[in-house]
file entry.cif (mmCIF, C-alpha atoms and all ligand atoms)
data_query
loop_
_atom_site.label_atom_id
_atom_site.label_comp_id
_atom_site.auth_asym_id
_atom_site.auth_seq_id
_atom_site.Cartn_x
_atom_site.Cartn_y
_atom_site.Cartn_z
CA MET A 1 -45.98 -23.14 38.82
CA ALA A 2 -46.66 -22.38 35.13
CA THR A 3 -49.94 -20.66 34.40
CA HIS A 4 -49.75 -20.18 30.63
CA THR A 5 -50.67 -23.11 28.38
CA TYR A 6 -49.06 -23.17 24.90
CA GLU A 7 -50.86 -24.72 21.97
CA ILE A 8 -47.70 -26.38 20.69
CA THR A 9 -44.35 -26.94 22.40
CA VAL A 10 -41.44 -28.08 20.25
CA ILE A 11 -38.76 -29.94 22.19
CA GLY A 12 -35.34 -29.53 20.53
CA GLY A 13 -33.89 -26.46 18.81
CA GLY A 14 -32.01 -28.20 16.00
CA PRO A 15 -32.75 -27.24 12.39
CA VAL A 16 -35.93 -29.31 12.31
CA GLY A 17 -37.32 -28.05 15.64
CA MET A 18 -36.52 -24.46 14.62
CA PHE A 19 -38.36 -24.85 11.34
CA ALA A 20 -41.33 -26.51 13.11
CA ALA A 21 -41.57 -23.60 15.57
CA PHE A 22 -41.50 -21.12 12.67
CA TYR A 23 -44.15 -23.07 10.78
CA ALA A 24 -46.37 -23.20 13.88
CA GLY A 25 -45.99 -19.41 14.16
CA LEU A 26 -46.94 -19.06 10.50
CA HIS A 27 -50.23 -20.75 11.42
CA ALA A 28 -50.66 -18.29 14.31
CA ALA A 29 -50.15 -21.01 16.91
CA ASP A 30 -49.04 -20.06 20.41
CA VAL A 31 -45.75 -21.92 20.39
CA ALA A 32 -42.76 -22.55 22.64
CA LEU A 33 -39.39 -23.92 21.52
CA VAL A 34 -37.26 -25.60 24.18
CA GLU A 35 -33.54 -26.36 23.72
CA SER A 36 -31.19 -27.94 26.23
CA LEU A 37 -28.03 -26.22 24.93
CA SER A 38 -27.47 -22.50 25.34
CA ASP A 39 -27.70 -21.96 21.56
CA LEU A 40 -30.15 -23.11 18.91
CA GLY A 41 -28.75 -25.05 15.98
CA GLY A 42 -28.54 -28.72 16.98
CA GLN A 43 -26.02 -30.91 15.19
CA THR A 44 -25.70 -28.42 12.34
CA GLY A 45 -24.73 -25.45 14.51
CA ASN A 46 -22.61 -27.37 16.99
CA LEU A 47 -21.01 -30.29 15.19
CA TYR A 48 -20.33 -28.97 11.70
CA PRO A 49 -20.91 -25.21 11.43
CA ALA A 50 -18.17 -24.75 8.85
CA LYS A 51 -19.15 -27.73 6.66
CA VAL A 52 -20.85 -26.78 3.38
CA LEU A 53 -24.18 -28.55 2.84
CA TYR A 54 -25.23 -29.21 -0.74
CA ASP A 55 -28.53 -30.99 -0.10
CA ILE A 56 -30.73 -28.17 1.21
CA GLY A 57 -33.35 -27.17 -1.35
CA GLY A 58 -32.80 -23.69 -2.74
CA PHE A 59 -29.16 -23.45 -1.60
CA PRO A 60 -26.50 -24.66 -4.08
CA GLY A 61 -24.15 -24.64 -1.07
CA ILE A 62 -24.60 -23.26 2.44
CA SER A 63 -22.46 -23.69 5.54
CA GLY A 64 -24.00 -25.18 8.68
CA GLN A 65 -23.52 -21.86 10.46
CA GLN A 66 -25.23 -19.87 7.70
CA LEU A 67 -28.15 -22.30 7.62
CA VAL A 68 -28.59 -21.94 11.39
CA GLU A 69 -28.45 -18.14 11.09
CA GLN A 70 -31.14 -18.19 8.39
CA LEU A 71 -33.31 -20.52 10.51
CA GLN A 72 -32.83 -18.25 13.51
CA LYS A 73 -34.00 -15.25 11.47
CA GLN A 74 -36.97 -17.25 10.24
CA VAL A 75 -38.02 -18.70 13.60
CA THR A 76 -37.98 -15.36 15.41
CA HIS A 77 -40.27 -13.71 12.82
CA PHE A 78 -43.45 -14.73 14.67
CA LYS A 79 -41.85 -14.20 18.10
CA PRO A 80 -42.34 -17.65 19.64
CA THR A 81 -41.28 -18.24 23.23
CA ILE A 82 -37.74 -19.66 23.04
CA LYS A 83 -36.32 -21.32 26.12
CA THR A 84 -32.65 -22.26 25.79
CA ALA A 85 -30.51 -24.00 28.44
CA THR A 86 -33.66 -25.91 29.34
CA THR A 87 -33.86 -29.68 29.11
CA VAL A 88 -37.20 -31.47 29.09
CA THR A 89 -37.04 -34.38 31.49
CA ALA A 90 -40.62 -35.72 31.61
CA ILE A 91 -43.93 -35.46 29.74
CA ASN A 92 -46.91 -35.85 32.08
CA ARG A 93 -50.56 -35.81 30.98
CA LEU A 94 -52.84 -33.90 33.37
CA ASP A 95 -56.51 -34.81 33.96
CA ASP A 96 -57.79 -32.21 31.47
CA GLY A 97 -55.57 -33.60 28.70
CA THR A 98 -52.99 -30.80 28.94
CA TYR A 99 -49.36 -31.92 28.99
CA GLN A 100 -46.98 -30.75 31.68
CA LEU A 101 -43.35 -30.85 30.61
CA ASP A 102 -40.96 -31.11 33.51
CA THR A 103 -37.72 -29.35 32.67
CA THR A 104 -34.47 -28.35 34.30
CA GLN A 105 -36.11 -24.89 34.66
CA GLU A 106 -39.84 -24.11 35.15
CA PRO A 107 -42.40 -26.72 34.08
CA ILE A 108 -44.19 -25.94 30.80
CA LEU A 109 -47.91 -26.48 30.13
CA THR A 110 -48.89 -27.30 26.57
CA LYS A 111 -51.81 -28.78 24.66
CA THR A 112 -49.64 -30.63 22.14
CA VAL A 113 -45.96 -31.58 21.89
CA ILE A 114 -43.65 -31.95 18.91
CA ILE A 115 -40.51 -33.88 19.81
CA ALA A 116 -37.50 -32.88 17.68
CA THR A 117 -34.69 -34.01 19.94
CA GLY A 118 -32.57 -35.49 17.12
CA GLY A 119 -29.84 -37.81 18.33
CA GLY A 120 -30.35 -36.46 21.85
CA ALA A 121 -28.14 -34.21 23.87
CA PHE A 122 -24.61 -34.72 22.54
CA THR A 123 -21.11 -34.33 23.88
CA PRO A 124 -17.75 -34.73 22.12
CA ARG A 125 -15.53 -37.71 22.90
CA ARG A 126 -12.72 -36.15 24.85
CA LEU A 127 -8.97 -36.75 24.84
CA ALA A 128 -8.11 -39.83 26.87
CA VAL A 129 -5.25 -38.03 28.68
CA ASP A 130 -5.46 -35.69 31.65
CA TYR A 131 -4.65 -32.07 30.84
CA ASP A 132 -5.30 -28.66 32.34
CA PRO A 133 -9.00 -27.86 31.59
CA ALA A 134 -8.04 -24.17 31.35
CA LEU A 135 -6.59 -25.05 27.91
CA ASP A 136 -10.10 -25.83 26.58
CA ASP A 137 -11.30 -23.30 23.98
CA LYS A 138 -7.91 -21.58 24.18
CA ASN A 139 -5.55 -24.28 22.90
CA VAL A 140 -7.70 -27.42 22.86
CA PHE A 141 -10.89 -27.49 20.77
CA TYR A 142 -13.66 -30.03 20.26
CA PHE A 143 -15.82 -27.92 17.90
CA VAL A 144 -14.97 -25.69 14.95
CA ARG A 145 -17.23 -22.67 15.22
CA ASP A 146 -15.19 -20.49 12.90
CA LEU A 147 -12.33 -21.59 10.65
CA ALA A 148 -10.66 -18.21 11.24
CA THR A 149 -9.84 -19.45 14.80
CA PHE A 150 -6.92 -21.33 13.22
CA ASP A 151 -5.64 -18.62 10.87
CA GLY A 152 -1.85 -18.40 10.84
CA ASP A 153 -1.47 -21.01 13.60
CA THR A 154 0.44 -24.24 13.95
CA VAL A 155 -2.36 -26.75 14.41
CA ALA A 156 -2.64 -30.42 15.39
CA ILE A 157 -5.76 -32.38 14.56
CA ALA A 158 -6.46 -35.70 16.28
CA GLY A 159 -8.66 -38.29 14.56
CA GLY A 160 -8.86 -40.37 11.42
CA GLY A 161 -12.45 -40.11 10.20
CA ASP A 162 -14.09 -38.03 7.49
CA SER A 163 -14.51 -35.00 9.65
CA ALA A 164 -10.87 -34.95 10.90
CA ILE A 165 -9.68 -35.07 7.29
CA ASP A 166 -12.21 -32.47 6.14
CA TRP A 167 -10.99 -30.11 8.88
CA ALA A 168 -7.33 -30.78 8.06
CA LEU A 169 -7.97 -29.90 4.40
CA ALA A 170 -10.08 -26.86 5.25
CA ILE A 171 -7.63 -25.48 7.84
CA ALA A 172 -4.39 -26.21 5.93
CA PRO A 173 -4.60 -23.26 3.47
CA ARG A 174 -5.23 -20.81 6.35
CA ALA A 175 -2.84 -22.18 8.98
CA LYS A 176 0.94 -21.97 9.22
CA GLN A 177 1.14 -25.75 9.49
CA VAL A 178 -1.27 -28.63 10.12
CA ASN A 179 -0.37 -31.96 11.75
CA LEU A 180 -2.81 -34.87 11.63
CA ILE A 181 -2.46 -37.50 14.36
CA HIS A 182 -4.16 -40.88 13.95
CA ARG A 183 -3.67 -44.16 15.77
CA ARG A 184 -3.88 -46.25 12.57
CA ASP A 185 -2.09 -46.04 9.23
CA GLN A 186 -5.44 -46.20 7.41
CA PHE A 187 -8.02 -43.43 7.55
CA ARG A 188 -11.79 -44.06 7.78
CA ALA A 189 -12.74 -41.56 5.13
CA LEU A 190 -13.71 -41.11 1.50
CA GLU A 191 -10.93 -42.33 -0.80
CA SER A 192 -10.97 -39.04 -2.66
CA SER A 193 -10.46 -37.11 0.60
CA VAL A 194 -7.60 -39.42 1.65
CA ALA A 195 -5.94 -38.91 -1.76
CA GLU A 196 -6.32 -35.13 -1.40
CA LEU A 197 -4.88 -35.34 2.11
CA LYS A 198 -1.82 -37.26 0.97
CA ALA A 199 -1.18 -34.70 -1.76
CA SER A 200 -1.60 -31.79 0.67
CA PRO A 201 1.04 -30.14 2.90
CA VAL A 202 -0.63 -31.69 6.01
CA GLN A 203 2.01 -33.49 8.09
CA LEU A 204 0.80 -37.03 8.95
CA HIS A 205 1.66 -38.73 12.26
CA THR A 206 0.50 -42.38 12.00
CA PRO A 207 0.17 -44.72 13.83
CA PHE A 208 0.58 -42.41 16.82
CA LEU A 209 -1.43 -41.70 19.97
CA ILE A 210 -1.44 -38.59 22.12
CA GLU A 211 0.38 -39.38 25.36
CA SER A 212 0.30 -35.94 27.00
CA VAL A 213 -0.77 -32.34 26.45
CA GLN A 214 0.95 -29.60 28.41
CA ALA A 215 0.87 -25.81 28.44
CA ALA A 216 4.00 -24.16 27.00
CA GLY A 217 3.50 -20.42 27.37
CA HIS A 218 0.64 -19.50 25.06
CA GLN A 219 1.22 -22.73 23.08
CA ILE A 220 0.98 -26.42 24.02
CA ASP A 221 3.39 -29.33 23.88
CA ILE A 222 1.94 -32.59 22.65
CA THR A 223 3.85 -35.84 23.19
CA LEU A 224 2.99 -38.60 20.71
CA LYS A 225 3.69 -42.27 21.27
CA GLN A 226 3.88 -44.80 18.46
CA VAL A 227 1.18 -47.51 18.57
CA ARG A 228 2.84 -50.93 19.07
CA GLY A 229 6.25 -49.27 19.06
CA GLU A 230 8.47 -47.17 21.28
CA ALA A 231 9.03 -44.12 19.10
CA LYS A 232 7.99 -40.75 20.51
CA ARG A 233 7.40 -37.42 18.80
CA GLN A 234 7.12 -33.97 20.26
CA LEU A 235 4.92 -31.28 18.73
CA ARG A 236 4.65 -27.67 19.86
CA VAL A 237 1.47 -26.17 18.45
CA ASP A 238 -0.86 -23.23 18.98
CA LYS A 239 -4.03 -25.30 18.80
CA LEU A 240 -5.18 -28.89 19.01
CA LEU A 241 -8.50 -29.86 17.43
CA VAL A 242 -9.81 -33.17 18.76
CA ASN A 243 -12.05 -35.04 16.35
CA TYR A 244 -12.86 -38.34 18.02
CA GLY A 245 -16.59 -38.14 17.27
CA PHE A 246 -19.55 -37.48 19.51
CA MET A 247 -21.61 -39.44 22.01
CA SER A 248 -25.28 -38.73 22.13
CA GLU A 249 -27.55 -39.34 25.04
CA ASN A 250 -31.27 -39.87 24.56
CA LYS A 251 -32.19 -42.30 27.31
CA GLN A 252 -34.77 -39.75 28.54
CA LEU A 253 -36.98 -40.82 25.63
CA ARG A 254 -37.53 -44.15 27.36
CA SER A 255 -39.51 -42.47 30.12
CA TRP A 256 -41.69 -40.36 27.81
CA GLY A 257 -44.22 -43.16 27.24
CA VAL A 258 -43.97 -43.16 23.45
CA ASP A 259 -43.38 -46.36 21.47
CA LEU A 260 -39.78 -46.62 20.34
CA ASP A 261 -37.90 -48.25 17.51
CA ARG A 262 -34.49 -48.71 19.10
CA ASN A 263 -33.38 -45.15 19.92
CA ALA A 264 -35.98 -43.39 17.79
CA ILE A 265 -39.70 -42.71 18.20
CA LYS A 266 -42.14 -44.65 16.03
CA VAL A 267 -44.49 -42.34 14.13
CA ALA A 268 -47.37 -42.77 11.68
CA SER A 269 -47.39 -40.91 8.35
CA THR A 270 -49.00 -38.00 10.24
CA MET A 271 -45.94 -37.89 12.55
CA VAL A 272 -48.15 -38.76 15.50
CA THR A 273 -46.54 -41.01 18.11
CA SER A 274 -48.29 -43.67 20.18
CA ARG A 275 -49.48 -40.85 22.50
CA GLN A 276 -52.35 -38.61 21.38
CA GLY A 277 -51.28 -35.01 20.75
CA ILE A 278 -47.57 -35.90 20.78
CA TYR A 279 -45.68 -35.87 17.47
CA ALA A 280 -42.06 -36.60 16.55
CA ILE A 281 -40.03 -35.22 13.63
CA GLY A 282 -36.44 -34.99 12.42
CA ASP A 283 -33.72 -37.47 13.33
CA VAL A 284 -35.64 -38.76 16.35
CA ALA A 285 -38.62 -39.93 14.26
CA SER A 286 -38.73 -43.44 12.83
CA TYR A 287 -40.90 -44.81 10.02
CA PRO A 288 -40.22 -47.11 7.07
CA GLY A 289 -37.87 -45.43 4.63
CA LYS A 290 -36.82 -42.69 7.07
CA LEU A 291 -33.74 -40.69 6.03
CA LYS A 292 -31.90 -38.74 8.71
CA LEU A 293 -31.49 -35.58 6.66
CA ILE A 294 -32.40 -31.97 7.27
CA ALA A 295 -34.49 -31.96 4.07
CA SER A 296 -36.63 -34.87 5.36
CA GLY A 297 -37.10 -33.14 8.72
CA PHE A 298 -38.14 -29.92 6.97
CA GLY A 299 -40.87 -31.95 5.25
CA GLU A 300 -42.03 -33.61 8.46
CA ALA A 301 -42.39 -30.34 10.39
CA PRO A 302 -45.42 -28.96 8.48
CA ILE A 303 -47.13 -32.35 8.67
CA ALA A 304 -46.77 -32.45 12.47
CA VAL A 305 -47.85 -28.81 12.95
CA ASN A 306 -50.93 -29.21 10.74
CA GLU A 307 -51.84 -32.45 12.51
CA ALA A 308 -51.43 -30.82 15.93
CA LEU A 309 -53.68 -27.92 14.89
CA SER A 310 -56.30 -30.27 13.37
CA PHE A 311 -56.22 -32.24 16.62
CA LEU A 312 -56.81 -29.03 18.62
CA TYR A 313 -59.32 -27.46 16.20
CA PRO A 314 -60.95 -30.25 14.17
CA GLU A 315 -63.48 -27.80 12.69
CA ARG A 316 -60.82 -25.37 11.40
CA ARG A 317 -59.46 -25.76 7.85
CA GLN A 318 -55.77 -24.85 7.70
CA ALA A 319 -54.56 -22.59 4.89
CA LEU A 320 -51.96 -24.46 2.88
CA HIS A 321 -49.74 -21.78 1.38
CA SER A 322 -47.56 -19.35 3.29
CA SER A 323 -48.65 -16.35 1.16
CA GLN A 324 -52.07 -16.63 2.82
CA LEU A 325 -50.45 -16.49 6.25
CA TYR A 326 -47.21 -14.49 6.19
CA HIS A 327 -47.33 -10.89 7.32
C1 LIG B 1 -20.94 -34.49 10.75
C2 LIG B 1 -22.37 -34.45 10.23
C3 LIG B 1 -22.61 -34.01 8.94
C4 LIG B 1 -23.93 -33.96 8.46
N1 LIG B 1 -24.15 -33.53 7.18
C5 LIG B 1 -25.42 -33.41 6.72
C6 LIG B 1 -25.69 -32.91 5.41
O1 LIG B 1 -24.77 -32.58 4.65
N2 LIG B 1 -27.00 -32.81 5.02
C7 LIG B 1 -28.06 -33.17 5.83
O2 LIG B 1 -29.22 -33.04 5.43
N3 LIG B 1 -27.82 -33.68 7.06
C8 LIG B 1 -26.54 -33.80 7.53
N4 LIG B 1 -26.31 -34.33 8.77
C9 LIG B 1 -27.48 -34.79 9.55
C10 LIG B 1 -28.24 -33.60 10.13
O3 LIG B 1 -27.38 -32.82 10.94
C11 LIG B 1 -29.43 -34.09 10.95
O4 LIG B 1 -30.31 -34.80 10.10
C12 LIG B 1 -30.16 -32.89 11.57
O5 LIG B 1 -29.32 -32.19 12.46
C13 LIG B 1 -31.41 -33.37 12.33
O6 LIG B 1 -31.99 -32.24 12.88
P1 LIG B 1 -32.91 -32.35 14.20
O7 LIG B 1 -33.38 -30.96 14.45
O8 LIG B 1 -33.89 -33.45 14.02
O9 LIG B 1 -31.93 -32.86 15.36
P2 LIG B 1 -30.59 -32.25 16.00
O10 LIG B 1 -29.83 -31.44 15.01
O11 LIG B 1 -29.91 -33.43 16.62
O12 LIG B 1 -31.12 -31.27 17.12
C14 LIG B 1 -31.79 -31.77 18.25
C15 LIG B 1 -31.72 -30.72 19.35
O13 LIG B 1 -32.53 -31.15 20.45
C16 LIG B 1 -31.88 -30.83 21.66
N5 LIG B 1 -32.38 -31.72 22.70
C17 LIG B 1 -32.15 -33.06 22.82
N6 LIG B 1 -32.79 -33.55 23.90
C18 LIG B 1 -33.43 -32.49 24.47
C19 LIG B 1 -34.28 -32.35 25.63
N7 LIG B 1 -34.60 -33.41 26.39
N8 LIG B 1 -34.76 -31.11 25.96
C20 LIG B 1 -34.45 -30.02 25.19
N9 LIG B 1 -33.67 -30.11 24.07
C21 LIG B 1 -33.17 -31.32 23.73
C22 LIG B 1 -30.40 -31.04 21.35
O14 LIG B 1 -29.57 -30.30 22.23
C23 LIG B 1 -30.31 -30.54 19.90
O15 LIG B 1 -29.97 -29.16 19.85
C24 LIG B 1 -25.02 -34.39 9.28
C25 LIG B 1 -24.76 -34.84 10.58
C26 LIG B 1 -23.46 -34.87 11.06
C27 LIG B 1 -23.21 -35.35 12.47
#

call {"tool": "encode", "arguments": {"input": "entry.cif", "output": "structure tokens"}}
result
Amino acid sequence: MATHTYEITVIGGGPVGMFAAFYAGLHAADVALVESLSDLGGQTGNLYPAKVLYDIGGFPGISGQQLVEQLQKQVTHFKPTIKTATTVTAINRLDDGTYQLDTTQEPILTKTVIIATGGGAFTPRRLAVDYDPALDDKNVFYFVRDLATFDGDTVAIAGGGDSAIDWALAIAPRAKQVNLIHRRDQFRALESSVAELKASPVQLHTPFLIESVQAAGHQIDITLKQVRGEAKRQLRVDKLLVNYGFMSENKQLRSWGVDLDRNAIKVASTMVTSRQGIYAIGDVASYPGKLKLIASGFGEAPIAVNEALSFLYPERRQALHSSQLYH
């Protein structure tokens, strides 16, 4: 049974939850950050670490991975309690007003809660064919953590959306050869990217589906079957990157007793939810005009933290600028 009671617990270690936990530390709050995956970083660290972001204030261009590394450095400065591989399953209010968070590990006691669970726990859409799971992360990939993984290799990329094309274009100059497999002749991507793709050395296989994936020594054999046709193609590659998109799962929210707007949590301009002492920020928060961007979430985090502290200490006036607080 938990004995310590945090002042603020942030649920979700994506970019917005990480920044909120840092900002709470800046205000000397006793804070815990809880993340269901084994690494912090959320969508940015897991879904697009190699993508360059151009819409983060102060950075003319920064990769998802670099942004997560900077956030990690920032969040650890005030030494908050960080619990990874821990999923919050329930938020219960005890008689004295404290919240008990049930998790997949120990329960957590906290006076206030900031929910930053984004699109929920996410998993990649997997290949629709059976293959040896031992090939995962060796020959078959669902995430790009480091572009160098594909250096000098023969690569196949499956998918026809923006991100499949972005990866094909990013990997092509480093790889021996890149094959792009898509079940339609048309791609669902920016016209400029499609034009760049067609002018690139990337070998297109459309409209083809993957029929089988089999180990071939340290490589893999991929059999392709034409959609609405009988033609087959055989590819032997070092690595297959599957880019069929992601499914996110946030049905837990429904049992947390906060008012929802479809799959997001309704908040007031103070980021407070329909439950006292519980706030929501980042992609999971909904209000008129909401934009699901990191920059918006970075703005919502200080609002929620200051509101949580004013709720806990109504008599205390919070300092506004970091120079008064950072040491
Ligand atoms: C391909 C792609 C490209 C993008 N490009 C940009 C861009 O260029 N610029 C931009 O501003 N935005 C971009 N975005 C959007 C941006 O990633 C999101 O706005 C941002 O990640 C939201 O951050 P967050 O912290 O609110 O949520 P998330 O990043 O979704 O993080 C939420 C975290 O909470 C965890 N979690 C969920 N449920 C629980 C639970 N019950 N218990 C514990 N932990 C839990 C999850 O595991 C996750 O780590 C892009 C998104 C995608 C998919």

call {"tool": "residues_around", "arguments": {"input": "entry.cif", "residues": "stretch 11-17 of chain A", "least_positions_apart": "5", "cutoff": "8 Å", "atoms": "all atoms listed in the file", "output": "ChimeraX atom specification"}}
result
/A:33-36,40-45,68,71,88,113-118,281-282,294,297-298,301

call {"tool": "closest_residue", "arguments": {"input": "entry.cif", "among": "A:Gln70, A:Thr76, A:Gln65, A:Ser296", "to": "ligand LIG 1 (chain B)", "atoms": "all atoms listed in the file"}}
result
A:Ser296

call {"tool": "residues_around", "arguments": {"input": "entry.cif", "residues": "A:Ala175", "least_positions_apart": "3", "cutoff": "9 Å", "atoms": "all atoms listed in the file", "output": "PDB file with C-alpha atoms, in the coordinates of the input"}}
result
ATOM      1  CA  PHE A 150      -6.920 -21.330  13.220  1.00  0.00           C
ATOM      2  CA  ASP A 151      -5.640 -18.620  10.870  1.00  0.00           C
ATOM      3  CA  GLY A 152      -1.850 -18.400  10.840  1.00  0.00           C
ATOM      4  CA  ASP A 153      -1.470 -21.010  13.600  1.00  0.00           C
ATOM      5  CA  THR A 154       0.440 -24.240  13.950  1.00  0.00           C
ATOM      6  CA  VAL A 155      -2.360 -26.750  14.410  1.00  0.00           C
ATOM      7  CA  ILE A 171      -7.630 -25.480   7.840  1.00  0.00           C
ATOM      8  CA  ALA A 172      -4.390 -26.210   5.930  1.00  0.00           C
ATOM      9  CA  VAL A 178      -1.270 -28.630  10.120  1.00  0.00           C
TER      10      VAL A 178
END

call {"tool": "closest_residue", "arguments": {"input": "entry.cif", "among": "A:Val31, A:Leu240, A:Ala24, A:Ala264", "to": "A:Asp137", "atoms": "all atoms listed in the file"}}
result
A:Leu240

call {"tool": "closest_atom_pairs", "arguments": {"input": "entry.cif", "of": "stretch 207-303 of chain A", "to": "stretch 184-201 of chain A", "cutoff": "10 Å", "atoms": "only C-alpha atoms", "output": "tab-separated table"}}
result
residue	atom	partner	partner_atom	distance
A:Pro207	CA	A:Arg184	CA	4.5
A:Phe208	CA	A:Arg184	CA	7.3
A:Leu209	CA	A:Arg184	CA	9.0
A:Gln226	CA	A:Arg184	CA	9.8
A:Val227	CA	A:Arg184	CA	7.9

call {"tool": "closest_residue", "arguments": {"input": "entry.cif", "among": "A:Thr270, A:Thr81, A:Asn250, A:Asn139", "to": "ligand LIG 1 (chain B)", "atoms": "only C-alpha atoms and all ligand atoms"}}
result
A:Asn250

call {"tool": "atom_distance", "arguments": {"input": "entry.cif", "atom1": "atom CA of A:Ser323", "atom2": "atom CA of A:Leu26"}}
result
9.9 Å

call {"tool": "closest_residue", "arguments": {"input": "entry.cif", "among": "A:Ala231, A:Gly119, A:Met271, A:Arg145", "to": "A:Lys292", "atoms": "all atoms listed in the file"}}
result
A:Gly119

call {"tool": "closest_residue", "arguments": {"input": "entry.cif", "among": "A:Gly257, A:Pro314, A:Gly229, A:Gly277", "to": "A:Ala90", "atoms": "all atoms listed in the file"}}
result
A:Gly257

call {"tool": "closest_residue", "arguments": {"input": "entry.cif", "among": "A:Ser310, A:Gln234, A:Ser248, A:Thr86", "to": "ligand LIG 1 (chain B)", "atoms": "only C-alpha atoms and all ligand atoms"}}
result
A:Thr86

call {"tool": "residues_near_point", "arguments": {"input": "entry.cif", "point": "(-40.8, -46.1, 15.4)", "cutoff": "12 Å", "atoms": "all atoms listed in the file", "output": "VMD selection string"}}
result
chain A and resid 258 to 269 271 to 274 279 to 281 283 to 290

call {"tool": "write_last_selection", "arguments": {"input": "entry.cif", "atoms": "C-alpha atoms", "output": "compact mmCIF listing (two decimals), in the frame of the given file"}}
result
# COMPACT_ATOMS: atom_id res chain seq x y z
CA VAL A 258 -43.97 -43.16 23.45
CA ASP A 259 -43.38 -46.36 21.47
CA LEU A 260 -39.78 -46.62 20.34
CA ASP A 261 -37.90 -48.25 17.51
CA ARG A 262 -34.49 -48.71 19.10
CA ASN A 263 -33.38 -45.15 19.92
CA ALA A 264 -35.98 -43.39 17.79
CA ILE A 265 -39.70 -42.71 18.20
CA LYS A 266 -42.14 -44.65 16.03
CA VAL A 267 -44.49 -42.34 14.13
CA ALA A 268 -47.37 -42.77 11.68
CA SER A 269 -47.39 -40.91 8.35
CA MET A 271 -45.94 -37.89 12.55
CA VAL A 272 -48.15 -38.76 15.50
CA THR A 273 -46.54 -41.01 18.11
CA SER A 274 -48.29 -43.67 20.18
CA TYR A 279 -45.68 -35.87 17.47
CA ALA A 280 -42.06 -36.60 16.55
CA ILE A 281 -40.03 -35.22 13.63
CA ASP A 283 -33.72 -37.47 13.33
CA VAL A 284 -35.64 -38.76 16.35
CA ALA A 285 -38.62 -39.93 14.26
CA SER A 286 -38.73 -43.44 12.83
CA TYR A 287 -40.90 -44.81 10.02
CA PRO A 288 -40.22 -47.11 7.07
CA GLY A 289 -37.87 -45.43 4.63
CA LYS A 290 -36.82 -42.69 7.07

call {"tool": "residues_around", "arguments": {"input": "entry.cif", "residues": "A:Pro133", "least_positions_apart": "6", "cutoff": "12 Å", "atoms": "all atoms listed in the file", "output": "JSON, numbers by chain"}}
result
{"A": [126, 127, 139, 140, 141, 213, 214, 215]}

call {"tool": "axis_aligned_box", "arguments": {"input": "entry.cif", "around": "stretch 193-200 of chain A", "padding_each_side": "6 Å", "output": "JSON"}}
result
{"center_x": -5.8, "center_y": -35.6, "center_z": 0.2, "size_x": 21.3, "size_y": 19.6, "size_z": 15.9}

call {"tool": "atom_distance", "arguments": {"input": "entry.cif", "atom1": "atom O1 of ligand LIG 1 (chain B)", "atom2": "atom CA of A:Asn46"}}
result
13.6 Å

call {"tool": "atom_distance", "arguments": {"input": "entry.cif", "atom1": "atom CA of A:Lys111", "atom2": "atom CA of A:Thr98"}}
result
4.9 Å

call {"tool": "residues_around", "arguments": {"input": "entry.cif", "residues": "A:Ala156", "least_positions_apart": "2", "cutoff": "8 Å", "atoms": "all atoms listed in the file", "output": "ChimeraX atom specification"}}
result
/A:154,158,178-181,237,239-241

call {"tool": "residues_near_point", "arguments": {"input": "entry.cif", "point": "(-46.3, -23.2, 26.9)", "cutoff": "6 Å", "atoms": "all atoms listed in the file", "output": "MDAnalysis selection string"}}
result
chainID A and resid 4:6 32 108:110
